[in-house]
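Colleague: Here you go, this is my_file-v1.pdb (PDB, C-alpha atoms, pLDDT in the B column).
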ATOM      1  CA  MET A   1      90.057 107.100  64.935  1.00 46.00           C
ATOM      2  CA  ARG A   2      90.047 109.748  67.647  1.00 55.00           C
ATOM      3  CA  ASP A   3      93.254 111.561  68.556  1.00 60.00           C
ATOM      4  CA  LYS A   4      94.787 110.209  71.738  1.00 62.00           C
ATOM      5  CA  LYS A   5      94.792 112.675  74.623  1.00 65.00           C
ATOM      6  CA  PRO A   6      98.170 113.589  76.174  1.00 72.00           C
ATOM      7  CA  PHE A   7      99.201 111.730  79.321  1.00 75.00           C
ATOM      8  CA  ASP A   8      98.133 113.650  82.457  1.00 83.00           C
ATOM      9  CA  PHE A   9     101.280 113.297  84.557  1.00 87.00           C
ATOM     10  CA  TRP A  10     100.057 115.375  87.498  1.00 91.00           C
ATOM     11  CA  LEU A  11      96.780 113.495  87.800  1.00 90.00           C
ATOM     12  CA  PHE A  12      98.699 110.216  87.719  1.00 90.00           C
ATOM     13  CA  MET A  13     101.115 111.415  90.407  1.00 93.00           C
ATOM     14  CA  THR A  14      98.235 112.643  92.568  1.00 95.00           C
ATOM     15  CA  VAL A  15      96.695 109.171  92.483  1.00 94.00           C
ATOM     16  CA  LEU A  16     100.027 107.546  93.366  1.00 94.00           C
ATOM     17  CA  ILE A  17     100.636 109.972  96.252  1.00 96.00           C
ATOM     18  CA  LEU A  18      97.169 109.366  97.696  1.00 96.00           C
ATOM     19  CA  LEU A  19      97.631 105.612  97.280  1.00 96.00           C
ATOM     20  CA  SER A  20     101.031 105.721  98.993  1.00 95.00           C
ATOM     21  CA  MET A  21      99.682 107.751 101.905  1.00 93.00           C
ATOM     22  CA  GLY A  22      96.823 105.289 102.326  1.00 94.00           C
ATOM     23  CA  LEU A  23      99.200 102.314 102.353  1.00 94.00           C
ATOM     24  CA  VAL A  24     101.408 103.967 104.963  1.00 90.00           C
ATOM     25  CA  MET A  25      98.382 104.611 107.177  1.00 86.00           C
ATOM     26  CA  VAL A  26      97.137 101.042 106.722  1.00 90.00           C
ATOM     27  CA  PHE A  27     100.527  99.663 107.742  1.00 90.00           C
ATOM     28  CA  SER A  28     100.770 101.935 110.761  1.00 84.00           C
ATOM     29  CA  ALA A  29      97.302 100.933 111.949  1.00 82.00           C
ATOM     30  CA  SER A  30      97.430  97.224 111.080  1.00 87.00           C
ATOM     31  CA  ALA A  31     100.933  96.158 112.151  1.00 86.00           C
ATOM     32  CA  PRO A  32     100.046  95.390 115.814  1.00 84.00           C
ATOM     33  CA  ILE A  33      96.919  93.452 114.816  1.00 88.00           C
ATOM     34  CA  ALA A  34      98.824  91.529 112.128  1.00 91.00           C
ATOM     35  CA  GLU A  35     101.502  90.582 114.639  1.00 91.00           C
ATOM     36  CA  ARG A  36      98.929  89.508 117.217  1.00 91.00           C
ATOM     37  CA  ASP A  37      96.715  87.479 114.887  1.00 92.00           C
ATOM     38  CA  PHE A  38      99.181  86.244 112.236  1.00 92.00           C
ATOM     39  CA  ASN A  39     102.597  86.603 113.896  1.00 92.00           C
ATOM     40  CA  ASP A  40     103.688  88.752 110.959  1.00 92.00           C
ATOM     41  CA  ILE A  41     103.503  92.563 111.102  1.00 91.00           C
ATOM     42  CA  TYR A  42     103.535  92.692 107.281  1.00 93.00           C
ATOM     43  CA  TYR A  43     100.644  90.258 106.742  1.00 94.00           C
ATOM     44  CA  ILE A  44      97.908  92.847 106.129  1.00 94.00           C
ATOM     45  CA  ILE A  45     100.064  95.392 104.293  1.00 94.00           C
ATOM     46  CA  LYS A  46     101.289  92.695 101.881  1.00 94.00           C
ATOM     47  CA  LYS A  47      97.695  91.967 100.897  1.00 92.00           C
ATOM     48  CA  GLN A  48      97.011  95.679 100.476  1.00 94.00           C
ATOM     49  CA  LEU A  49     100.137  96.104  98.328  1.00 95.00           C
ATOM     50  CA  THR A  50      99.002  93.244  96.099  1.00 95.00           C
ATOM     51  CA  PHE A  51      95.611  94.854  95.545  1.00 92.00           C
ATOM     52  CA  ALA A  52      97.260  98.261  95.015  1.00 95.00           C
ATOM     53  CA  LEU A  53      99.501  96.878  92.260  1.00 95.00           C
ATOM     54  CA  MET A  54      96.523  95.159  90.633  1.00 94.00           C
ATOM     55  CA  GLY A  55      94.636  98.449  90.805  1.00 93.00           C
ATOM     56  CA  ILE A  56      97.486 100.350  89.139  1.00 94.00           C
ATOM     57  CA  VAL A  57      97.578  97.838  86.288  1.00 94.00           C
ATOM     58  CA  VAL A  58      93.814  98.093  85.774  1.00 91.00           C
ATOM     59  CA  MET A  59      94.039 101.895  85.956  1.00 90.00           C
ATOM     60  CA  LEU A  60      96.719 102.013  83.226  1.00 89.00           C
ATOM     61  CA  VAL A  61      94.710  99.677  81.005  1.00 89.00           C
ATOM     62  CA  ALA A  62      91.543 101.750  81.502  1.00 86.00           C
ATOM     63  CA  ALA A  63      93.432 105.008  80.903  1.00 84.00           C
ATOM     64  CA  ASN A  64      94.622 103.730  77.521  1.00 85.00           C
ATOM     65  CA  TYR A  65      91.223 102.423  76.439  1.00 83.00           C
ATOM     66  CA  ASP A  66      89.061 104.721  74.326  1.00 82.00           C
ATOM     67  CA  TYR A  67      85.912 105.168  76.397  1.00 78.00           C
ATOM     68  CA  HIS A  68      83.988 106.076  73.253  1.00 77.00           C
ATOM     69  CA  ARG A  69      83.991 102.358  72.487  1.00 81.00           C
ATOM     70  CA  TYR A  70      81.605 101.752  75.360  1.00 79.00           C
ATOM     71  CA  GLY A  71      78.418 101.208  73.392  1.00 85.00           C
ATOM     72  CA  ARG A  72      74.777 100.838  74.323  1.00 89.00           C
ATOM     73  CA  LYS A  73      75.048  97.056  74.814  1.00 91.00           C
ATOM     74  CA  THR A  74      78.050  97.338  77.130  1.00 91.00           C
ATOM     75  CA  VAL A  75      76.438 100.014  79.292  1.00 93.00           C
ATOM     76  CA  LEU A  76      73.125  98.144  79.548  1.00 94.00           C
ATOM     77  CA  ALA A  77      74.917  94.869  80.311  1.00 95.00           C
ATOM     78  CA  LEU A  78      76.866  96.472  83.171  1.00 93.00           C
ATOM     79  CA  MET A  79      73.729  98.051  84.581  1.00 95.00           C
ATOM     80  CA  GLY A  80      71.796  94.808  84.294  1.00 95.00           C
ATOM     81  CA  ALA A  81      74.596  92.861  85.971  1.00 95.00           C
ATOM     82  CA  SER A  82      74.720  95.400  88.802  1.00 95.00           C
ATOM     83  CA  ILE A  83      70.986  95.134  89.472  1.00 95.00           C
ATOM     84  CA  VAL A  84      71.060  91.323  89.352  1.00 94.00           C
ATOM     85  CA  MET A  85      73.983  91.147  91.802  1.00 93.00           C
ATOM     86  CA  LEU A  86      72.363  93.667  94.147  1.00 93.00           C
ATOM     87  CA  VAL A  87      69.306  91.398  94.216  1.00 93.00           C
ATOM     88  CA  MET A  88      71.485  88.295  94.711  1.00 91.00           C
ATOM     89  CA  VAL A  89      73.053  89.899  97.787  1.00 90.00           C
ATOM     90  CA  LEU A  90      69.636  89.858  99.468  1.00 88.00           C
ATOM     91  CA  ILE A  91      69.082  86.126  98.864  1.00 86.00           C
ATOM     92  CA  PRO A  92      70.117  84.003 101.887  1.00 81.00           C
ATOM     93  CA  GLY A  93      72.715  81.443 100.898  1.00 79.00           C
ATOM     94  CA  ILE A  94      74.065  83.631  98.103  1.00 82.00           C
ATOM     95  CA  GLY A  95      74.610  86.952  99.819  1.00 81.00           C
ATOM     96  CA  ARG A  96      76.374  87.162 103.167  1.00 78.00           C
ATOM     97  CA  GLU A  97      75.205  89.032 106.243  1.00 74.00           C
ATOM     98  CA  VAL A  98      77.996  90.847 108.083  1.00 72.00           C
ATOM     99  CA  ASN A  99      77.283  92.952 111.189  1.00 67.00           C
ATOM    100  CA  GLY A 100      73.591  93.224 110.355  1.00 65.00           C
ATOM    101  CA  SER A 101      74.047  94.220 106.692  1.00 72.00           C
ATOM    102  CA  TRP A 102      73.711  92.254 103.456  1.00 79.00           C
ATOM    103  CA  ARG A 103      76.395  93.756 101.203  1.00 84.00           C
ATOM    104  CA  TRP A 104      78.743  90.970 100.160  1.00 84.00           C
ATOM    105  CA  LEU A 105      78.797  88.303  97.480  1.00 86.00           C
ATOM    106  CA  TYR A 106      81.178  85.366  97.877  1.00 78.00           C
ATOM    107  CA  ILE A 107      82.263  83.508  94.748  1.00 74.00           C
ATOM    108  CA  GLY A 108      84.772  80.907  95.869  1.00 72.00           C
ATOM    109  CA  PRO A 109      87.710  82.732  97.473  1.00 72.00           C
ATOM    110  CA  ILE A 110      86.588  86.063  95.970  1.00 75.00           C
ATOM    111  CA  GLN A 111      84.375  88.428  97.935  1.00 79.00           C
ATOM    112  CA  PHE A 112      83.156  91.818  96.803  1.00 85.00           C
ATOM    113  CA  GLN A 113      80.408  94.379  97.254  1.00 89.00           C
ATOM    114  CA  PRO A 114      78.141  94.727  94.179  1.00 92.00           C
ATOM    115  CA  SER A 115      77.504  98.323  95.270  1.00 92.00           C
ATOM    116  CA  GLU A 116      80.993  99.202  93.962  1.00 91.00           C
ATOM    117  CA  LEU A 117      80.114  97.900  90.497  1.00 92.00           C
ATOM    118  CA  ALA A 118      76.770  99.716  90.722  1.00 94.00           C
ATOM    119  CA  LYS A 119      78.558 103.060  91.188  1.00 94.00           C
ATOM    120  CA  LEU A 120      80.638 102.580  88.034  1.00 92.00           C
ATOM    121  CA  SER A 121      77.709 101.189  86.045  1.00 94.00           C
ATOM    122  CA  LEU A 122      75.443 104.092  86.962  1.00 95.00           C
ATOM    123  CA  ILE A 123      78.095 106.662  86.009  1.00 94.00           C
ATOM    124  CA  LEU A 124      78.563 105.018  82.593  1.00 93.00           C
ATOM    125  CA  PHE A 125      74.808 104.537  82.112  1.00 95.00           C
ATOM    126  CA  LEU A 126      73.891 108.153  82.816  1.00 95.00           C
ATOM    127  CA  SER A 127      76.882 109.577  80.950  1.00 93.00           C
ATOM    128  CA  TYR A 128      76.240 107.492  77.848  1.00 93.00           C
ATOM    129  CA  PHE A 129      72.516 108.078  77.484  1.00 94.00           C
ATOM    130  CA  LEU A 130      72.660 111.744  78.469  1.00 93.00           C
ATOM    131  CA  SER A 131      75.400 112.361  75.885  1.00 91.00           C
ATOM    132  CA  LYS A 132      73.181 110.822  73.184  1.00 90.00           C
ATOM    133  CA  ARG A 133      70.233 113.120  73.892  1.00 89.00           C
ATOM    134  CA  LYS A 134      69.124 115.410  71.074  1.00 85.00           C
ATOM    135  CA  ARG A 135      67.315 117.867  73.326  1.00 86.00           C
ATOM    136  CA  PRO A 136      67.962 119.393  76.760  1.00 85.00           C
ATOM    137  CA  LEU A 137      66.467 118.168  80.026  1.00 89.00           C
ATOM    138  CA  GLU A 138      63.532 120.555  79.965  1.00 85.00           C
ATOM    139  CA  LYS A 139      60.602 118.642  81.448  1.00 87.00           C
ATOM    140  CA  PHE A 140      60.699 116.809  84.759  1.00 86.00           C
ATOM    141  CA  PHE A 141      58.468 113.829  83.984  1.00 87.00           C
ATOM    142  CA  THR A 142      59.290 113.157  80.341  1.00 88.00           C
ATOM    143  CA  ASP A 143      62.991 114.114  80.277  1.00 90.00           C
ATOM    144  CA  LEU A 144      64.325 113.584  83.800  1.00 91.00           C
ATOM    145  CA  MET A 145      62.111 110.878  85.285  1.00 91.00           C
ATOM    146  CA  PRO A 146      63.463 107.923  83.220  1.00 92.00           C
ATOM    147  CA  TYR A 147      66.967 108.517  84.621  1.00 94.00           C
ATOM    148  CA  LEU A 148      65.637 109.054  88.134  1.00 93.00           C
ATOM    149  CA  PHE A 149      63.739 105.775  87.881  1.00 94.00           C
ATOM    150  CA  VAL A 150      66.998 103.867  87.305  1.00 95.00           C
ATOM    151  CA  VAL A 151      68.705 105.759  90.150  1.00 94.00           C
ATOM    152  CA  GLY A 152      65.715 104.923  92.337  1.00 93.00           C
ATOM    153  CA  ILE A 153      65.962 101.173  91.629  1.00 95.00           C
ATOM    154  CA  ILE A 154      69.648 101.117  92.605  1.00 95.00           C
ATOM    155  CA  SER A 155      68.990 103.233  95.711  1.00 91.00           C
ATOM    156  CA  VAL A 156      66.130 101.034  96.947  1.00 91.00           C
ATOM    157  CA  LEU A 157      68.229  97.887  96.555  1.00 93.00           C
ATOM    158  CA  LEU A 158      71.078  99.511  98.482  1.00 91.00           C
ATOM    159  CA  LEU A 159      68.720 100.588 101.246  1.00 86.00           C
ATOM    160  CA  LEU A 160      67.435  97.029 101.520  1.00 86.00           C
ATOM    161  CA  GLU A 161      71.045  96.032 102.214  1.00 85.00           C
ATOM    162  CA  THR A 162      71.065  98.767 104.854  1.00 81.00           C
ATOM    163  CA  HIS A 163      73.936 100.385 102.959  1.00 84.00           C
ATOM    164  CA  LEU A 164      73.106 104.030 103.620  1.00 81.00           C
ATOM    165  CA  SER A 165      76.537 105.453 102.786  1.00 85.00           C
ATOM    166  CA  ALA A 166      76.538 103.880  99.308  1.00 90.00           C
ATOM    167  CA  THR A 167      72.986 105.129  98.758  1.00 89.00           C
ATOM    168  CA  ILE A 168      74.016 108.694  99.546  1.00 88.00           C
ATOM    169  CA  ILE A 169      77.043 108.411  97.232  1.00 92.00           C
ATOM    170  CA  ILE A 170      74.920 107.002  94.396  1.00 94.00           C
ATOM    171  CA  ILE A 171      72.319 109.756  94.723  1.00 91.00           C
ATOM    172  CA  SER A 172      74.982 112.480  94.957  1.00 91.00           C
ATOM    173  CA  LEU A 173      76.874 111.220  91.894  1.00 94.00           C
ATOM    174  CA  SER A 174      73.650 110.988  89.909  1.00 94.00           C
ATOM    175  CA  MET A 175      72.565 114.514  90.824  1.00 92.00           C
ATOM    176  CA  ILE A 176      75.965 115.915  89.796  1.00 94.00           C
ATOM    177  CA  ILE A 177      75.862 114.156  86.418  1.00 95.00           C
ATOM    178  CA  LEU A 178      72.281 115.242  85.774  1.00 93.00           C
ATOM    179  CA  PHE A 179      73.116 118.823  86.733  1.00 92.00           C
ATOM    180  CA  VAL A 180      76.113 118.898  84.372  1.00 92.00           C
ATOM    181  CA  ALA A 181      73.877 117.430  81.650  1.00 92.00           C
ATOM    182  CA  GLY A 182      71.528 120.411  81.983  1.00 89.00           C
ATOM    183  CA  ALA A 183      68.891 119.520  84.570  1.00 89.00           C
ATOM    184  CA  LYS A 184      67.239 122.608  86.011  1.00 88.00           C
ATOM    185  CA  ILE A 185      67.771 123.866  89.558  1.00 88.00           C
ATOM    186  CA  LYS A 186      64.009 123.787  90.085  1.00 87.00           C
ATOM    187  CA  HIS A 187      64.071 120.052  89.377  1.00 86.00           C
ATOM    188  CA  PHE A 188      66.513 119.495  92.222  1.00 86.00           C
ATOM    189  CA  LEU A 189      64.476 121.693  94.542  1.00 85.00           C
ATOM    190  CA  LEU A 190      61.436 119.620  93.633  1.00 82.00           C
ATOM    191  CA  LEU A 191      63.360 116.429  94.463  1.00 83.00           C
ATOM    192  CA  GLY A 192      65.084 117.713  97.596  1.00 80.00           C
ATOM    193  CA  ALA A 193      62.178 117.544 100.035  1.00 81.00           C
ATOM    194  CA  PRO A 194      60.931 113.995  99.251  1.00 84.00           C
ATOM    195  CA  VAL A 195      64.480 112.550  99.037  1.00 80.00           C
ATOM    196  CA  CYS A 196      65.496 114.061 102.391  1.00 82.00           C
ATOM    197  CA  ALA A 197      62.217 112.968 103.966  1.00 85.00           C
ATOM    198  CA  ALA A 198      62.709 109.428 102.670  1.00 81.00           C
ATOM    199  CA  LEU A 199      66.264 109.229 104.044  1.00 77.00           C
ATOM    200  CA  VAL A 200      65.148 110.537 107.442  1.00 81.00           C
ATOM    201  CA  ALA A 201      62.310 107.994 107.519  1.00 81.00           C
ATOM    202  CA  VAL A 202      64.665 105.159 106.596  1.00 76.00           C
ATOM    203  CA  ILE A 203      67.109 106.154 109.333  1.00 75.00           C
ATOM    204  CA  ALA A 204      64.340 106.597 111.923  1.00 76.00           C
ATOM    205  CA  PHE A 205      62.601 103.279 111.252  1.00 74.00           C
ATOM    206  CA  THR A 206      65.609 101.039 110.618  1.00 73.00           C
ATOM    207  CA  ASP A 207      67.019  99.171 113.605  1.00 72.00           C
ATOM    208  CA  TYR A 208      70.492  99.128 112.061  1.00 70.00           C
ATOM    209  CA  MET A 209      70.836 102.789 111.136  1.00 74.00           C
ATOM    210  CA  THR A 210      69.182 104.504 114.106  1.00 77.00           C
ATOM    211  CA  PRO A 211      71.753 103.316 116.686  1.00 77.00           C
ATOM    212  CA  ARG A 212      74.608 104.370 114.411  1.00 76.00           C
ATOM    213  CA  ILE A 213      73.267 107.906 114.097  1.00 79.00           C
ATOM    214  CA  LYS A 214      72.693 108.075 117.855  1.00 80.00           C
ATOM    215  CA  SER A 215      76.191 106.736 118.551  1.00 81.00           C
ATOM    216  CA  TYR A 216      77.657 109.392 116.264  1.00 80.00           C
ATOM    217  CA  LEU A 217      75.808 112.143 118.127  1.00 85.00           C
ATOM    218  CA  ASP A 218      76.547 110.642 121.555  1.00 88.00           C
ATOM    219  CA  PRO A 219      79.117 107.822 121.384  1.00 89.00           C
ATOM    220  CA  TRP A 220      79.357 107.655 125.199  1.00 89.00           C
ATOM    221  CA  SER A 221      75.786 106.382 125.415  1.00 86.00           C
ATOM    222  CA  ASN A 222      77.085 102.965 124.310  1.00 84.00           C
ATOM    223  CA  PRO A 223      80.899 103.065 124.620  1.00 86.00           C
ATOM    224  CA  LYS A 224      81.383  99.305 124.193  1.00 84.00           C
ATOM    225  CA  GLY A 225      78.899  98.933 121.348  1.00 81.00           C
ATOM    226  CA  GLU A 226      78.052 101.297 118.497  1.00 80.00           C
ATOM    227  CA  GLY A 227      80.079 104.130 120.047  1.00 86.00           C
ATOM    228  CA  TRP A 228      83.317 102.127 120.259  1.00 88.00           C
ATOM    229  CA  GLN A 229      84.866 103.241 116.939  1.00 85.00           C
ATOM    230  CA  THR A 230      83.962 106.898 117.409  1.00 87.00           C
ATOM    231  CA  ILE A 231      85.437 106.980 120.915  1.00 90.00           C
ATOM    232  CA  GLN A 232      88.650 105.256 119.787  1.00 86.00           C
ATOM    233  CA  SER A 233      88.949 107.808 116.983  1.00 85.00           C
ATOM    234  CA  LEU A 234      88.628 110.637 119.484  1.00 88.00           C
ATOM    235  CA  TYR A 235      91.301 109.027 121.684  1.00 88.00           C
ATOM    236  CA  ALA A 236      93.616 108.635 118.698  1.00 84.00           C
ATOM    237  CA  ILE A 237      93.188 112.237 117.565  1.00 86.00           C
ATOM    238  CA  GLY A 238      93.441 113.553 121.111  1.00 87.00           C
ATOM    239  CA  SER A 239      96.640 111.664 121.944  1.00 85.00           C
ATOM    240  CA  GLY A 240      98.285 112.480 118.619  1.00 83.00           C
ATOM    241  CA  GLY A 241      97.486 116.155 118.391  1.00 82.00           C
ATOM    242  CA  LEU A 242      97.969 118.043 115.146  1.00 81.00           C
ATOM    243  CA  PHE A 243     100.929 116.037 113.811  1.00 81.00           C
ATOM    244  CA  GLY A 244     100.271 112.627 115.368  1.00 80.00           C
ATOM    245  CA  ARG A 245     102.506 110.409 117.468  1.00 80.00           C
ATOM    246  CA  GLY A 246     104.506 109.107 114.515  1.00 77.00           C
ATOM    247  CA  LEU A 247     104.352 105.958 112.442  1.00 72.00           C
ATOM    248  CA  GLY A 248     104.008 102.848 114.560  1.00 68.00           C
ATOM    249  CA  GLN A 249     103.530 104.862 117.753  1.00 74.00           C
ATOM    250  CA  SER A 250      99.724 104.977 117.790  1.00 69.00           C
ATOM    251  CA  MET A 251      98.049 104.058 121.057  1.00 72.00           C
ATOM    252  CA  GLN A 252      94.705 103.102 119.487  1.00 70.00           C
TER     253      GLN A 252
END
Using structure tokens, write down the structure from this file.

Modeller:
Amino acid sequence: MRDKKPFDFWLFMTVLILLSMGLVMVFSASAPIAERDFNDIYYIIKKQLTFALMGIVVMLVAANYDYHRYGRKTVLALMGASIVMLVMVLIPGIGREVNGSWRWLYIGPIQFQPSELAKLSLILFLSYFLSKRKRPLEKFFTDLMPYLFVVGIISVLLLLETHLSATIIIISLSMIILFVAGAKIKHFLLLGAPVCAALVAVIAFTDYMTPRIKSYLDPWSNPKGEGWQTIQSLYAIGSGGLFGRGLGQSMQ
């Protein structure tokens, strides 16, 4: 049995502080909408608090579970489940389209994005199999390509959902793990050009992503459409200055 690591108090407190700050911001931003739509300024924050408490419980359970127990079958099952659910999202009647994107699965009253499970599954998959290697990642095609193939499958499925942000996160996480595992800099340089070219092509030829990039560069070109959120953010920052207007005093 492995020795249990000491409790990391400062890491735990950092998580709680970040969580508390997020909840305060959610309440400040959601109170007017909650009062307008539900006649209860605490309606949205109560839901967020419930999920936050559930998250803390899951975090404590995970922190006290020996991750070395995650075996080959568990890792492969999680990865397989992630791929299956990412495919299910794209099937009309099973997945749900929201604002032009297919990202959600609805199971009764529960709704979630399989991309979140895919992030965790890919981290565990790469970490497990890379830690079991007997030799370093020397050769691109024989050593690195099998891992890149799995990353590629997840990335393609996410792009089919038009979930560009999750795709970028998945690729970034994978590159960091592979680099820590010993992948060579030249391998990343070899990958850089085609990956960047593919992302640019996807953005340029996708009806959903192109307007969002254009609205980011020039939100005033469509102030009541794609540029709405960016413009409201600028108003909020501009009216609040460096320290903001204070909790509950936001104009946006």

Colleague: With distances taken over all atoms listed in the file, which of A:Leu122, A:Ser30, A:Leu60, A:Gly108 is nearest to Lys46 in chain A?

Modeller: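 Under the stated criterion, the closest residue is A:Ser30.
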
Colleague: Which of these residues is nearest to Gln232 in chain A, using only C-alpha atoms: A:Gly71, A:Pro194, A:Pro219, A:Pro146?

Modeller: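 Comparing A:Gly71, A:Pro194, A:Pro219, A:Pro146 against Gln232 in chain A, the winner is A:Pro219.
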
Colleague: List the residues selected by the PyMOL selection byres ((chain A and resi 96) around 12) in the file shown, writing them as a CSV table (one decimal) with C-alpha atoms, in the coordinates of the input.

Modeller:
chain,number,residue,atom,x,y,z
A,86,LEU,CA,72.4,93.7,94.1
A,88,MET,CA,71.5,88.3,94.7
A,89,VAL,CA,73.1,89.9,97.8
A,90,LEU,CA,69.6,89.9,99.5
A,91,ILE,CA,69.1,86.1,98.9
A,92,PRO,CA,70.1,84.0,101.9
A,93,GLY,CA,72.7,81.4,100.9
A,94,ILE,CA,74.1,83.6,98.1
A,95,GLY,CA,74.6,87.0,99.8
A,97,GLU,CA,75.2,89.0,106.2
A,98,VAL,CA,78.0,90.8,108.1
A,99,ASN,CA,77.3,93.0,111.2
A,100,GLY,CA,73.6,93.2,110.4
A,101,SER,CA,74.0,94.2,106.7
A,102,TRP,CA,73.7,92.3,103.5
A,103,ARG,CA,76.4,93.8,101.2
A,104,TRP,CA,78.7,91.0,100.2
A,105,LEU,CA,78.8,88.3,97.5
A,106,TYR,CA,81.2,85.4,97.9
A,107,ILE,CA,82.3,83.5,94.7
A,111,GLN,CA,84.4,88.4,97.9
A,112,PHE,CA,83.2,91.8,96.8
A,113,GLN,CA,80.4,94.4,97.3
A,114,PRO,CA,78.1,94.7,94.2
A,161,GLU,CA,71.0,96.0,102.2

Colleague: On this structure, the PyMOL selection byres ((chain A and resi 183) around 10) would catch which residues? List them as a compact mmCIF listing (two decimals) with C-alpha atoms, in the frame of the given file, sorted by chain and number.

Modeller:
# COMPACT_ATOMS: atom_id res chain seq x y z
CA PRO A 136 67.96 119.39 76.76
CA LEU A 137 66.47 118.17 80.03
CA GLU A 138 63.53 120.56 79.96
CA LYS A 139 60.60 118.64 81.45
CA PHE A 140 60.70 116.81 84.76
CA ASP A 143 62.99 114.11 80.28
CA LEU A 144 64.32 113.58 83.80
CA MET A 175 72.56 114.51 90.82
CA ILE A 176 75.96 115.92 89.80
CA ILE A 177 75.86 114.16 86.42
CA LEU A 178 72.28 115.24 85.77
CA PHE A 179 73.12 118.82 86.73
CA VAL A 180 76.11 118.90 84.37
CA ALA A 181 73.88 117.43 81.65
CA GLY A 182 71.53 120.41 81.98
CA LYS A 184 67.24 122.61 86.01
CA ILE A 185 67.77 123.87 89.56
CA LYS A 186 64.01 123.79 90.08
CA HIS A 187 64.07 120.05 89.38
CA PHE A 188 66.51 119.50 92.22

Colleague: Kindly compute an axis-aligned box around the listed atoms of range 227-231 of chain A, allowing 4 Å on each side, and express its centre and edge lengths in Å to one decimal as JSON.

Modeller:
{"center_x": 82.8, "center_y": 104.6, "center_z": 118.9, "size_x": 13.4, "size_y": 12.9, "size_z": 12.0}

Colleague: Run the PyMOL selection byres ((chain A and resi 125-131) around 10) mentally over the shown coordinates, then write out the matched residues as a PyMOL selection string, using the chain letters and numbers from the document.

Modeller: chain A and resi 68+70-72+74-79+119-124+132-137+147-148+150-151+174+177-178+180-182

Colleague: Which polymer residues have any atom within 12 Å of an atom of Trp228 in chain A, counting only C-alpha atoms, with same-chain residues fewer than 3 positions away left out, as a PyMOL selection string?

Modeller: chain A and resi 212+215-216+218-225+231-235+252

Colleague: So, counting only C-alpha atoms, which residue among A:Ile17, A:Ala29, A:Trp10, A:Ser115 is closest to Met251 in chain A?

Modeller: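 Closest to Met251 in chain A, using only C-alpha atoms: A:Ala29.
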
Colleague: Considering only C-alpha atoms, can you say which of A:Gly192, A:Leu164, A:Leu23, A:Phe7 comes closest to Tyr42 in chain A?

Modeller: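 Looking at the shortest contact to Tyr42 in chain A, the residue is A:Leu23.
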
Colleague: Within 12 Å of Ala166 in chain A, counting all atoms listed in the file, which residues show up once you throw out same-chain ones fewer than 4 positions away? Write them as a ChimeraX atom specification, please.

Modeller: /A:103,113-119,154-162,170-173

Colleague: For those residues, write C-alpha atoms to a file as a CSV table (one decimal), in the frame of the given file.

Modeller:
chain,number,residue,atom,x,y,z
A,103,ARG,CA,76.4,93.8,101.2
A,113,GLN,CA,80.4,94.4,97.3
A,114,PRO,CA,78.1,94.7,94.2
A,115,SER,CA,77.5,98.3,95.3
A,116,GLU,CA,81.0,99.2,94.0
A,117,LEU,CA,80.1,97.9,90.5
A,118,ALA,CA,76.8,99.7,90.7
A,119,LYS,CA,78.6,103.1,91.2
A,154,ILE,CA,69.6,101.1,92.6
A,155,SER,CA,69.0,103.2,95.7
A,156,VAL,CA,66.1,101.0,96.9
A,157,LEU,CA,68.2,97.9,96.6
A,158,LEU,CA,71.1,99.5,98.5
A,159,LEU,CA,68.7,100.6,101.2
A,160,LEU,CA,67.4,97.0,101.5
A,161,GLU,CA,71.0,96.0,102.2
A,162,THR,CA,71.1,98.8,104.9
A,170,ILE,CA,74.9,107.0,94.4
A,171,ILE,CA,72.3,109.8,94.7
A,172,SER,CA,75.0,112.5,95.0
A,173,LEU,CA,76.9,111.2,91.9

Colleague: Mind pulling up the distance from CA of Gln249 in chain A to CA of Ala31 in chain A?

Modeller: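 Going from CA of Ala31 in chain A over to CA of Gln249 in chain A covers 10.7 Å.
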
Colleague: Choose the residue, out of A:Asp8, A:Gly244, A:Phe149, A:Phe141, that has the smallest atom-to-atom separation from Ala63 in chain A; count all atoms listed in the file.

Modeller: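 For Ala63 in chain A, the nearest of the given residues is A:Asp8.
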
Colleague: Kindly indicate which residue among A:Ile153, A:Ile237, A:Leu217, A:Val26 lies nearest to Ser82 in chain A, using only C-alpha atoms for the distances.

Modeller: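 Answer, going by the shortest atom-to-atom distance: A:Ile153.
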
Colleague: Which residues, protein or nucleic acid, reach to within 12 Å of (101.5, 91.6, 110.7) in the file's coordinates when using all atoms listed in the file, and can you give that as a PyMOL selection string?

Modeller: chain A and resi 26-48

Colleague: Give me, please, the distance in Å between CA of Met25 in chain A and CA of Leu247 in chain A, quoted to one decimal.

Modeller: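 Distance between the two atoms: 8.1 Å.
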
Colleague: Work out how far CA of Ile83 in chain A is from CA of Val61 in chain A, in Å to one decimal.

Modeller: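 A separation of 25.6 Å between them.
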